[in-house]
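Listing of upload.tsv, TSV, C-alpha atoms
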```tsv
chain	number	residue	atom	x	y	z
A	1	MET	CA	-5.80	-24.94	-3.57
A	2	PRO	CA	-4.54	-22.74	-0.71
A	3	LEU	CA	-3.72	-19.14	-1.45
A	4	LYS	CA	-0.07	-18.14	-1.75
A	5	THR	CA	1.68	-15.18	-0.20
A	6	LEU	CA	5.15	-13.79	-0.78
A	7	ILE	CA	6.92	-11.97	2.05
A	8	THR	CA	9.98	-9.94	1.16
A	9	GLY	CA	12.07	-9.57	4.27
A	10	ILE	CA	10.77	-12.74	5.94
A	11	THR	CA	13.98	-13.03	7.95
A	12	GLY	CA	13.40	-9.69	9.69
A	13	MET	CA	11.47	-9.12	12.89
A	14	VAL	CA	8.22	-8.17	11.16
A	15	GLY	CA	8.47	-10.71	8.36
A	16	SER	CA	9.09	-13.59	10.76
A	17	HIS	CA	6.16	-12.60	12.98
A	18	LEU	CA	3.94	-12.21	9.92
A	19	ALA	CA	4.83	-15.75	8.88
A	20	ASP	CA	3.93	-16.95	12.39
A	21	TYR	CA	0.58	-15.15	12.24
A	22	LEU	CA	-0.30	-16.54	8.81
A	23	LEU	CA	0.64	-20.08	9.83
A	24	GLU	CA	-1.67	-19.88	12.83
A	25	ASN	CA	-4.59	-18.02	11.27
A	26	THR	CA	-4.72	-19.11	7.61
A	27	ASP	CA	-4.08	-22.13	5.41
A	28	TRP	CA	-1.94	-20.07	3.01
A	29	GLU	CA	1.35	-21.22	1.58
A	30	ILE	CA	4.07	-18.80	2.64
A	31	TYR	CA	6.99	-18.00	0.35
A	32	GLY	CA	9.75	-15.97	1.97
A	33	VAL	CA	12.30	-14.02	-0.02
A	34	CYS	CA	15.83	-14.49	1.33
A	35	ARG	CA	19.19	-13.23	0.17
A	36	TRP	CA	22.04	-15.72	0.24
A	37	ARG	CA	23.62	-13.81	3.14
A	38	SER	CA	20.43	-13.34	5.18
A	39	SER	CA	20.67	-14.34	8.81
A	40	LEU	CA	18.15	-17.05	9.64
A	41	ASP	CA	18.09	-16.35	13.40
A	42	ASN	CA	14.56	-14.91	13.38
A	43	VAL	CA	13.15	-17.82	11.38
A	44	SER	CA	15.09	-20.67	13.00
A	45	HIS	CA	11.81	-22.00	14.41
A	46	LEU	CA	10.48	-22.28	10.84
A	47	LEU	CA	13.39	-24.20	9.36
A	48	ASP	CA	11.90	-27.63	10.06
A	49	ARG	CA	8.83	-26.61	8.07
A	50	VAL	CA	11.03	-25.29	5.27
A	51	ASN	CA	13.04	-28.51	5.16
A	52	LYS	CA	9.84	-30.56	5.02
A	53	LYS	CA	8.17	-28.17	2.54
A	54	ASN	CA	5.32	-27.79	5.01
A	55	ARG	CA	3.61	-24.53	4.03
A	56	VAL	CA	6.80	-22.44	4.33
A	57	PHE	CA	9.22	-22.07	1.43
A	58	PHE	CA	12.33	-19.91	1.06
A	59	GLU	CA	13.14	-18.42	-2.33
A	60	TYR	CA	16.32	-16.58	-3.26
A	61	ALA	CA	15.88	-13.04	-4.54
A	62	ASP	CA	17.36	-9.62	-3.95
A	63	LEU	CA	15.74	-6.21	-4.38
A	64	ASN	CA	18.88	-5.11	-6.20
A	65	ASP	CA	18.56	-7.90	-8.78
A	66	GLN	CA	15.46	-7.63	-10.91
A	67	VAL	CA	16.04	-10.94	-12.68
A	68	SER	CA	15.82	-12.75	-9.34
A	69	LEU	CA	12.57	-10.95	-8.51
A	70	LEU	CA	11.04	-11.88	-11.87
A	71	THR	CA	12.14	-15.47	-11.44
A	72	VAL	CA	10.45	-15.81	-8.05
A	73	LEU	CA	7.25	-14.11	-9.16
A	74	ARG	CA	6.96	-16.29	-12.27
A	75	LYS	CA	7.53	-19.41	-10.20
A	76	VAL	CA	5.21	-18.64	-7.29
A	77	LYS	CA	2.55	-16.25	-8.67
A	78	PRO	CA	1.54	-15.25	-5.13
A	79	ASP	CA	-1.97	-13.97	-4.48
A	80	TYR	CA	-0.64	-11.57	-1.84
A	81	ILE	CA	2.69	-9.77	-1.61
A	82	PHE	CA	3.90	-8.20	1.61
A	83	HIS	CA	6.84	-5.98	0.71
A	84	LEU	CA	8.69	-5.58	4.01
A	85	ALA	CA	12.33	-5.89	2.91
A	86	ALA	CA	14.40	-2.75	3.27
A	87	GLN	CA	17.54	-1.19	4.64
A	88	SER	CA	15.57	-0.37	7.77
A	89	TYR	CA	18.05	1.25	10.17
A	90	PRO	CA	17.85	5.07	10.24
A	91	MET	CA	21.29	5.47	11.88
A	92	THR	CA	22.93	3.28	9.23
A	93	SER	CA	21.40	5.43	6.51
A	94	PHE	CA	23.47	8.44	7.55
A	95	ASP	CA	26.63	6.46	6.74
A	96	SER	CA	25.18	4.57	3.75
A	97	PRO	CA	22.69	6.90	2.08
A	98	ILE	CA	23.19	5.61	-1.47
A	99	ASP	CA	22.69	1.96	-0.52
A	100	THR	CA	19.62	2.93	1.51
A	101	LEU	CA	18.06	4.91	-1.33
A	102	ASN	CA	18.89	2.25	-3.91
A	103	THR	CA	17.54	-0.67	-1.87
A	104	ASN	CA	14.41	1.02	-0.60
A	105	ILE	CA	13.33	3.16	-3.55
A	106	ILE	CA	14.79	1.49	-6.63
A	107	GLY	CA	14.34	-1.94	-5.03
A	108	THR	CA	10.64	-1.27	-4.54
A	109	CYS	CA	10.40	-0.05	-8.12
A	110	ARG	CA	12.09	-3.23	-9.35
A	111	LEU	CA	9.58	-5.35	-7.44
A	112	LEU	CA	6.53	-3.46	-8.71
A	113	GLU	CA	7.88	-3.41	-12.26
A	114	SER	CA	8.42	-7.17	-12.05
A	115	VAL	CA	4.78	-7.65	-11.05
A	116	ARG	CA	3.65	-5.38	-13.87
A	117	ALA	CA	5.75	-7.30	-16.39
A	118	LEU	CA	3.79	-10.52	-15.86
A	119	GLU	CA	0.70	-10.87	-18.03
A	120	ASN	CA	-2.71	-11.57	-16.46
A	121	TYR	CA	-1.30	-11.31	-12.97
A	122	HIS	CA	-3.05	-9.15	-10.38
A	123	PRO	CA	-1.87	-9.75	-6.82
A	124	ILE	CA	-2.82	-7.69	-3.78
A	125	ILE	CA	0.29	-5.85	-2.65
A	126	HIS	CA	1.22	-4.22	0.64
A	127	VAL	CA	4.09	-1.74	0.41
A	128	CYS	CA	5.55	-0.95	3.81
A	129	ALA	CA	6.68	2.65	4.17
A	130	SER	CA	7.30	4.18	7.61
A	131	SER	CA	6.14	6.86	10.03
A	132	GLU	CA	9.64	8.29	9.56
A	133	VAL	CA	8.34	9.94	6.36
A	134	PHE	CA	6.73	12.60	8.56
A	135	GLY	CA	10.05	13.33	10.18
A	136	LYS	CA	10.64	16.27	12.44
A	137	ILE	CA	7.27	17.95	12.86
A	138	PRO	CA	7.45	21.14	14.97
A	139	ALA	CA	5.31	20.91	18.09
A	140	GLU	CA	3.25	23.92	17.02
A	141	LYS	CA	2.36	22.21	13.74
A	142	LYS	CA	1.47	18.79	15.14
A	143	PRO	CA	-2.30	18.16	14.87
A	144	GLU	CA	-4.07	17.74	18.20
A	145	THR	CA	-5.26	14.28	17.19
A	146	GLY	CA	-1.75	13.18	16.17
A	147	ILE	CA	-0.03	12.77	12.83
A	148	HIS	CA	-2.66	11.94	10.20
A	149	GLU	CA	-2.14	10.61	6.69
A	150	ASP	CA	-2.14	13.99	4.98
A	151	CYS	CA	0.39	15.70	7.21
A	152	PRO	CA	3.28	16.97	5.07
A	153	PHE	CA	6.41	14.87	4.76
A	154	HIS	CA	9.56	16.26	6.37
A	155	PRO	CA	11.98	13.30	6.43
A	156	ALA	CA	14.86	13.60	8.88
A	157	SER	CA	17.26	10.91	7.59
A	158	PRO	CA	18.26	9.25	4.31
A	159	TYR	CA	16.21	6.27	5.52
A	160	ALA	CA	13.15	8.47	5.91
A	161	ILE	CA	13.74	10.00	2.48
A	162	SER	CA	13.92	6.50	1.02
A	163	LYS	CA	10.60	5.63	2.63
A	164	VAL	CA	9.00	8.73	1.12
A	165	GLY	CA	10.02	7.32	-2.25
A	166	THR	CA	8.71	3.88	-1.31
A	167	ASP	CA	5.41	5.38	-0.19
A	168	LEU	CA	4.94	7.41	-3.35
A	169	LEU	CA	5.88	4.51	-5.61
A	170	GLY	CA	3.19	2.33	-4.08
A	171	ARG	CA	0.53	4.92	-4.74
A	172	TYR	CA	1.88	5.68	-8.22
A	173	TYR	CA	1.67	2.07	-9.39
A	174	ALA	CA	-1.89	1.83	-8.12
A	175	GLU	CA	-2.99	5.02	-9.83
A	176	ALA	CA	-1.02	4.67	-13.08
A	177	TYR	CA	-1.44	0.95	-13.75
A	178	GLY	CA	-4.51	-0.10	-11.77
A	179	MET	CA	-2.47	-2.37	-9.49
A	180	THR	CA	-3.92	-3.23	-6.09
A	181	VAL	CA	-1.22	-1.64	-3.97
A	182	MET	CA	-1.74	-0.23	-0.47
A	183	THR	CA	0.87	1.64	1.52
A	184	THR	CA	1.29	1.73	5.29
A	185	ARG	CA	3.21	4.08	7.58
A	186	MET	CA	3.68	1.97	10.69
A	187	PHE	CA	4.81	3.87	13.76
A	188	THR	CA	7.22	2.36	16.30
A	189	HIS	CA	6.53	-1.35	16.64
A	190	THR	CA	8.63	-3.72	18.67
A	191	GLY	CA	8.80	-6.95	20.60
A	192	PRO	CA	10.79	-10.20	20.41
A	193	ARG	CA	13.35	-10.32	17.55
A	194	ARG	CA	13.71	-6.54	17.37
A	195	GLY	CA	17.14	-5.57	16.02
A	196	ASP	CA	19.59	-4.22	18.55
A	197	VAL	CA	20.19	-1.02	16.58
A	198	PHE	CA	16.81	0.29	17.77
A	199	HIS	CA	16.66	2.14	21.08
A	200	GLU	CA	14.31	-0.04	23.12
A	201	SER	CA	15.98	-3.23	21.93
A	202	THR	CA	19.52	-2.09	22.67
A	203	PHE	CA	18.33	-1.02	26.13
A	204	ALA	CA	16.88	-4.49	26.72
A	205	LYS	CA	19.99	-6.21	25.37
A	206	GLN	CA	22.30	-4.15	27.56
A	207	ILE	CA	20.17	-4.82	30.66
A	208	ALA	CA	20.17	-8.56	29.95
A	209	MET	CA	23.96	-8.53	29.55
A	210	ILE	CA	24.40	-6.52	32.75
A	211	GLU	CA	22.24	-9.02	34.65
A	212	GLN	CA	24.65	-11.79	33.60
A	213	GLY	CA	27.74	-9.75	34.46
A	214	LEU	CA	28.92	-9.58	30.85
A	215	ILE	CA	29.30	-5.79	30.66
A	216	PRO	CA	29.69	-3.03	33.27
A	217	PRO	CA	26.39	-1.82	34.83
A	218	VAL	CA	26.03	1.12	32.43
A	219	VAL	CA	23.29	1.46	29.80
A	220	LYS	CA	24.46	3.65	26.94
A	221	VAL	CA	21.76	5.78	25.34
A	222	GLY	CA	21.07	8.43	22.73
A	223	ASN	CA	18.32	11.06	22.83
A	224	LEU	CA	15.99	10.18	25.71
A	225	ASP	CA	13.60	13.08	25.12
A	226	SER	CA	12.04	11.91	21.82
A	227	LEU	CA	8.40	10.90	22.00
A	228	ARG	CA	7.38	7.54	20.59
A	229	THR	CA	4.06	5.73	20.33
A	230	TYR	CA	4.57	1.99	20.65
A	231	ALA	CA	2.77	-0.96	19.11
A	232	ASP	CA	3.57	-4.63	19.51
A	233	VAL	CA	4.93	-6.29	16.38
A	234	ARG	CA	2.33	-9.05	16.79
A	235	ASP	CA	-0.43	-6.44	16.60
A	236	ALA	CA	1.33	-4.89	13.61
A	237	VAL	CA	1.32	-8.08	11.52
A	238	ARG	CA	-2.35	-8.66	12.35
A	239	ALA	CA	-2.98	-5.18	10.94
A	240	TYR	CA	-1.08	-6.08	7.77
A	241	TYR	CA	-3.19	-9.20	7.29
A	242	MET	CA	-6.36	-7.16	7.71
A	243	LEU	CA	-5.05	-4.58	5.25
A	244	VAL	CA	-4.88	-7.06	2.36
A	245	THR	CA	-7.95	-9.14	3.20
A	246	MET	CA	-10.58	-6.58	4.25
A	247	ASP	CA	-11.82	-4.73	1.17
A	248	PRO	CA	-8.39	-3.67	-0.12
A	249	ILE	CA	-8.59	-0.30	-1.89
A	250	PRO	CA	-5.94	0.30	-4.56
A	251	GLY	CA	-3.80	3.35	-3.87
A	252	GLU	CA	-4.89	3.83	-0.27
A	253	TYR	CA	-2.36	4.72	2.41
A	254	TYR	CA	-2.71	4.32	6.15
A	255	ASN	CA	-1.05	5.30	9.39
A	256	ILE	CA	-0.90	2.38	11.82
A	257	GLY	CA	0.42	2.52	15.36
A	258	GLY	CA	-0.10	1.76	18.99
A	259	SER	CA	-1.88	3.73	21.68
A	260	TYR	CA	0.85	4.14	24.32
A	261	THR	CA	2.99	7.27	24.00
A	262	CYS	CA	6.01	8.11	26.13
A	263	THR	CA	9.55	9.41	25.85
A	264	VAL	CA	12.45	7.14	25.01
A	265	GLY	CA	13.66	7.80	28.55
A	266	ASP	CA	10.37	6.49	29.95
A	267	THR	CA	10.84	3.35	27.88
A	268	LEU	CA	14.27	2.85	29.41
A	269	ASN	CA	12.83	3.31	32.89
A	270	THR	CA	10.12	0.73	32.15
A	271	LEU	CA	12.71	-1.85	31.09
A	272	LEU	CA	14.90	-1.05	34.08
A	273	SER	CA	11.92	-1.53	36.41
A	274	PHE	CA	11.73	-5.18	35.31
A	275	SER	CA	15.34	-5.89	36.28
A	276	PRO	CA	16.54	-7.08	39.70
A	277	ALA	CA	19.74	-5.14	38.93
A	278	LYS	CA	17.96	-1.82	38.44
A	279	ASP	CA	19.37	-0.11	41.54
A	280	SER	CA	22.95	-0.70	40.43
A	281	ILE	CA	22.59	0.37	36.78
A	282	TRP	CA	23.74	3.79	35.57
A	283	VAL	CA	22.72	5.59	32.38
A	284	GLU	CA	25.27	7.27	30.10
A	285	VAL	CA	24.70	9.31	26.92
A	286	ASP	CA	26.79	7.99	24.04
A	287	PRO	CA	27.31	10.71	21.38
A	288	GLU	CA	27.55	8.03	18.67
A	289	ARG	CA	23.92	7.11	19.36
A	290	LEU	CA	22.63	10.60	18.59
A	291	ARG	CA	21.16	11.25	15.15
A	292	PRO	CA	22.09	14.42	13.24
A	293	ILE	CA	18.33	15.12	13.09
A	294	ASP	CA	15.76	13.26	15.17
A	295	ALA	CA	12.11	12.57	14.33
A	296	ASP	CA	11.04	13.33	17.86
A	297	LEU	CA	7.24	13.70	17.91
A	298	GLN	CA	6.02	10.35	16.59
A	299	ILE	CA	2.38	10.33	17.72
A	300	PRO	CA	-0.04	8.81	15.16
A	301	ASP	CA	-3.64	9.38	14.24
A	302	CYS	CA	-4.77	5.91	13.10
A	303	ARG	CA	-8.50	6.56	12.75
A	304	LYS	CA	-8.54	6.02	8.99
A	305	PHE	CA	-7.18	2.46	9.22
A	306	LYS	CA	-9.26	1.61	12.29
A	307	HIS	CA	-12.42	2.83	10.57
A	308	HIS	CA	-11.67	0.76	7.47
A	309	THR	CA	-10.75	-2.50	9.22
A	310	GLY	CA	-11.82	-2.33	12.87
A	311	TRP	CA	-8.23	-3.05	13.93
A	312	GLU	CA	-7.19	-2.09	17.45
A	313	PRO	CA	-3.93	-2.86	19.27
A	314	GLN	CA	-4.43	-5.65	21.82
A	315	ILE	CA	-1.09	-6.29	23.51
A	316	PRO	CA	-0.30	-3.88	26.36
A	317	TYR	CA	2.89	-1.82	26.23
A	318	GLU	CA	4.24	-3.37	29.44
A	319	GLN	CA	3.80	-6.88	28.03
A	320	THR	CA	5.63	-5.90	24.86
A	321	MET	CA	8.56	-4.58	26.85
A	322	ARG	CA	8.66	-7.61	29.16
A	323	ASP	CA	8.66	-9.94	26.17
A	324	LEU	CA	11.44	-7.92	24.52
A	325	LEU	CA	13.60	-8.08	27.64
A	326	ASP	CA	12.92	-11.81	28.08
A	327	TYR	CA	13.89	-12.38	24.43
A	328	TRP	CA	17.30	-10.84	25.06
A	329	ARG	CA	17.69	-12.66	28.38
A	330	ALA	CA	17.14	-15.97	26.61
A	331	ARG	CA	19.75	-15.16	23.97
A	332	VAL	CA	22.27	-14.05	26.59
A	333	ARG	CA	21.70	-17.21	28.64
A	334	ARG	CA	22.38	-19.31	25.54
A	335	GLY	CA	25.86	-17.82	25.48
A	336	GLU	CA	25.49	-15.81	22.29
A	337	ILE	CA	28.09	-13.11	21.71
A	338	PHE	CA	26.91	-9.62	20.71
A	339	LEU	CA	28.37	-6.37	19.54
A	340	THR	CA	28.18	-3.81	22.36
A	341	ARG	CA	25.92	-1.43	20.48
```

Full structure transcribed into structure tokens:
Amino acid sequence: MPLKTLITGITGMVGSHLADYLLENTDWEIYGVCRWRSSLDNVSHLLDRVNKKNRVFFEYADLNDQVSLLTVLRKVKPDYIFHLAAQSYPMTSFDSPIDTLNTNIIGTCRLLESVRALENYHPIIHVCASSEVFGKIPAEKKPETGIHEDCPFHPASPYAISKVGTDLLGRYYAEAYGMTVMTTRMFTHTGPRRGDVFHESTFAKQIAMIEQGLIPPVVKVGNLDSLRTYADVRDAVRAYYMLVTMDPIPGEYYNIGGSYTCTVGDTLNTLLSFSPAKDSIWVEVDPERLRPIDADLQIPDCRKFKHHTGWEPQIPYEQTMRDLLDYWRARVRRGEIFLTR
């Protein structure tokens, strides 16, 4: 019998790419948790498989409804659980802090409690936290090798605070109950299907819309001075697969990230360089895109995870950005209508 995996958040960028990776590289059955209102845009290419019950199955559940989580776990009994679902937009968390904290912290607790409630059930669980837990690290306190796992947390948004709780819950359930739970703090990861509330994706979307004459030739931006280290989402999901299959150690926690570091402004310039309209595009700071506090030195030290698994990022930064821009170009050409955010 093939192994079974459950992906919470399968309809998101990361969850959909993880499903793609597992379909190509394993014979596992993939069960994706969906809410009734979840957009299926990112998994539209999987719907034929779902309809035919060909290795991909969608199950209704919600992190805010523990009965639904228990129902799915009893039904599926997955061997692996990738817990990716979250309120994942830092800017949104400033306006909706309670929903963010409830979904990300209490929702994670509901999931882990649901696993614990089932007798003789011992899955391998990946809990996805975030590099945002480290927050705003002063330059003088940043280690020369980058942010390592034991740097102190200094979250700079309600989202980041929620991911601190998520991170600690994962380790707590491993230590207190002997559950095989590992936690990751993935640094910036992007590529096709990235939500347009994130800086590099909104840049790409705006450029694609400008190229088609749909909006004036002005790219609206927030803080262009923040440093980010980029990984491709397709490298990220390969890392997650290696995490759960290569000598998983209960309670361990890992930083994972790419190897290319630049400012947000440099990222914008890279995307602009790919556009035939680049010489006619202006850049304008939009105050609504500025965070009250910005986690602005996101440079990871990933040696711990690399030493444990041998993982290395493979997709070059420029390819990631080209693919992201082409993703938005394709959506614009199809005539989709977008919010101008």

*Using all atoms listed in the file, pick whichever of A:Asp235, A:Asp99, A:Glu252, A:Glu211 has the shortest atom-to-atom distance to Arg329 (chain A).*
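Counting all atoms listed in the file, the residue closest to Arg329 (chain A) is A:Glu211.
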
Proximity of region 225-296 of chain A to region 14-26 of chain A: per-residue shortest pair, 9 Å limit, all atoms listed in the file, as JSON lines:
```
{"residue": "A:Val233", "atom": "CA", "partner": "A:Val14", "partner_atom": "CA", "distance": 6.5}
{"residue": "A:Arg234", "atom": "CA", "partner": "A:His17", "partner_atom": "CA", "distance": 6.5}
{"residue": "A:Ala236", "atom": "CA", "partner": "A:Val14", "partner_atom": "CA", "distance": 8.0}
{"residue": "A:Val237", "atom": "CA", "partner": "A:Leu18", "partner_atom": "CA", "distance": 5.1}
{"residue": "A:Arg238", "atom": "CA", "partner": "A:Tyr21", "partner_atom": "CA", "distance": 7.1}
{"residue": "A:Tyr240", "atom": "CA", "partner": "A:Leu18", "partner_atom": "CA", "distance": 8.2}
{"residue": "A:Tyr241", "atom": "CA", "partner": "A:Leu22", "partner_atom": "CA", "distance": 8.0}
```

_Rounded to one decimal, what separation in Å do you get between CA of Ser96 (chain A) and CA of Pro158 (chain A)?_
8.4 Å

*Mind pulling up the distance from CA of Pro287 (chain A) to CA of Thr340 (chain A)?*
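CA of Pro287 (chain A) lies 14.6 Å from CA of Thr340 (chain A).
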
_Taking 4 positions as the minimum chain separation for residues in the same chain, which residues sit within 9 Å of His122 (chain A) when counting only C-alpha atoms? Answer as a list in words._
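The filter keeps Asp79, Val115, Arg116, Leu118, Met179 and Thr180 of chain A.
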
*asked:* Give me, as a ChimeraX atom specification, all polymer residues having an atom no more than 6 Å from region 204-206 of chain A, counting only C-alpha atoms and skipping those fewer than 2 positions away in the same chain.
replied: /A:201-202,208-209,325,328

*Which of these residues is nearest to Pro97 (chain A), using all atoms listed in the file: A:Asp48, A:Val283, A:Ala160, A:Phe338?*
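The answer is A:Ala160, which sits nearest to Pro97 (chain A).
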
*When distances are computed from all atoms listed in the file, which of A:Ile337, A:Val332, A:Ala231, A:Ile147 shows the smallest separation from Ile299 (chain A)?*
A:Ile147

_Here is a test: counting all atoms listed in the file, which residue of A:Ile210, A:Ile105, A:Val197, A:Val218 is nearest to Leu168 (chain A)?_
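For Leu168 (chain A), the nearest of the candidates is A:Ile105.
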
_Residue nearest Ser157 (chain A) - candidates A:Leu101, A:Leu112, A:Ala174, A:Val264, atoms counted: all atoms listed in the file_ =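 Of the candidates, the smallest distance to Ser157 (chain A) is held by A:Leu101.
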
_Please determine, counting all atoms listed in the file, which residue among A:Arg334, A:Leu224, A:Ser259, A:Glu149 has the shortest atom-to-atom distance to Lys304 (chain A)._
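Residue with the minimum atom-to-atom distance to Lys304 (chain A): A:Glu149.
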
*asked:* As an exercise, work out the distance from CA of Lys4 (chain A) to CA of Ile30 (chain A) in Å and give it to one decimal place.
replied: 6.1 Å

Give one line per residue of region 39-110 of chain A that approaches region 9-12 of chain A to at most 6 Å, naming the two atoms of the closest pair and their distance in Å to one decimal, counting all atoms listed in the file; sort by chain then ascending residue number and deliver it as CSV.
```
residue,atom,partner,partner_atom,distance
A:Asn42,CA,A:Thr11,CA,5.8
A:Val43,CA,A:Thr11,CA,5.9
A:Leu84,CA,A:Gly9,CA,5.2
A:Ala85,CA,A:Gly9,CA,3.9
```

*asked:* List as JSON, numbers by chain the protein and nucleic acid residues near Pro217 (chain A), meaning an atom at most 12 Å away when all atoms listed in the file are counted, but skip any in the same chain fewer than 3 places from it.
replied: {"A": [203, 206, 207, 208, 209, 210, 211, 212, 213, 214, 220, 272, 275, 277, 278, 279, 280, 281, 282, 283, 284]}

*Which neighbours of Lys306 (chain A) fall inside 12 Å, counting all atoms listed in the file, when residues of the same chain fewer than 3 positions from it are skipped, and could you give them as a PyMOL selection string?*
chain A and resi 239+242-243+246+254-258+301-303+309-313

*asked:* If we count only C-alpha atoms and set the cut-off at 12 Å, which residues sit around Gly251 (chain A), ignoring sequence neighbours fewer than 4 positions away in its own chain? Please answer as a PyMOL selection string.
replied: chain A and resi 124-127+167-184
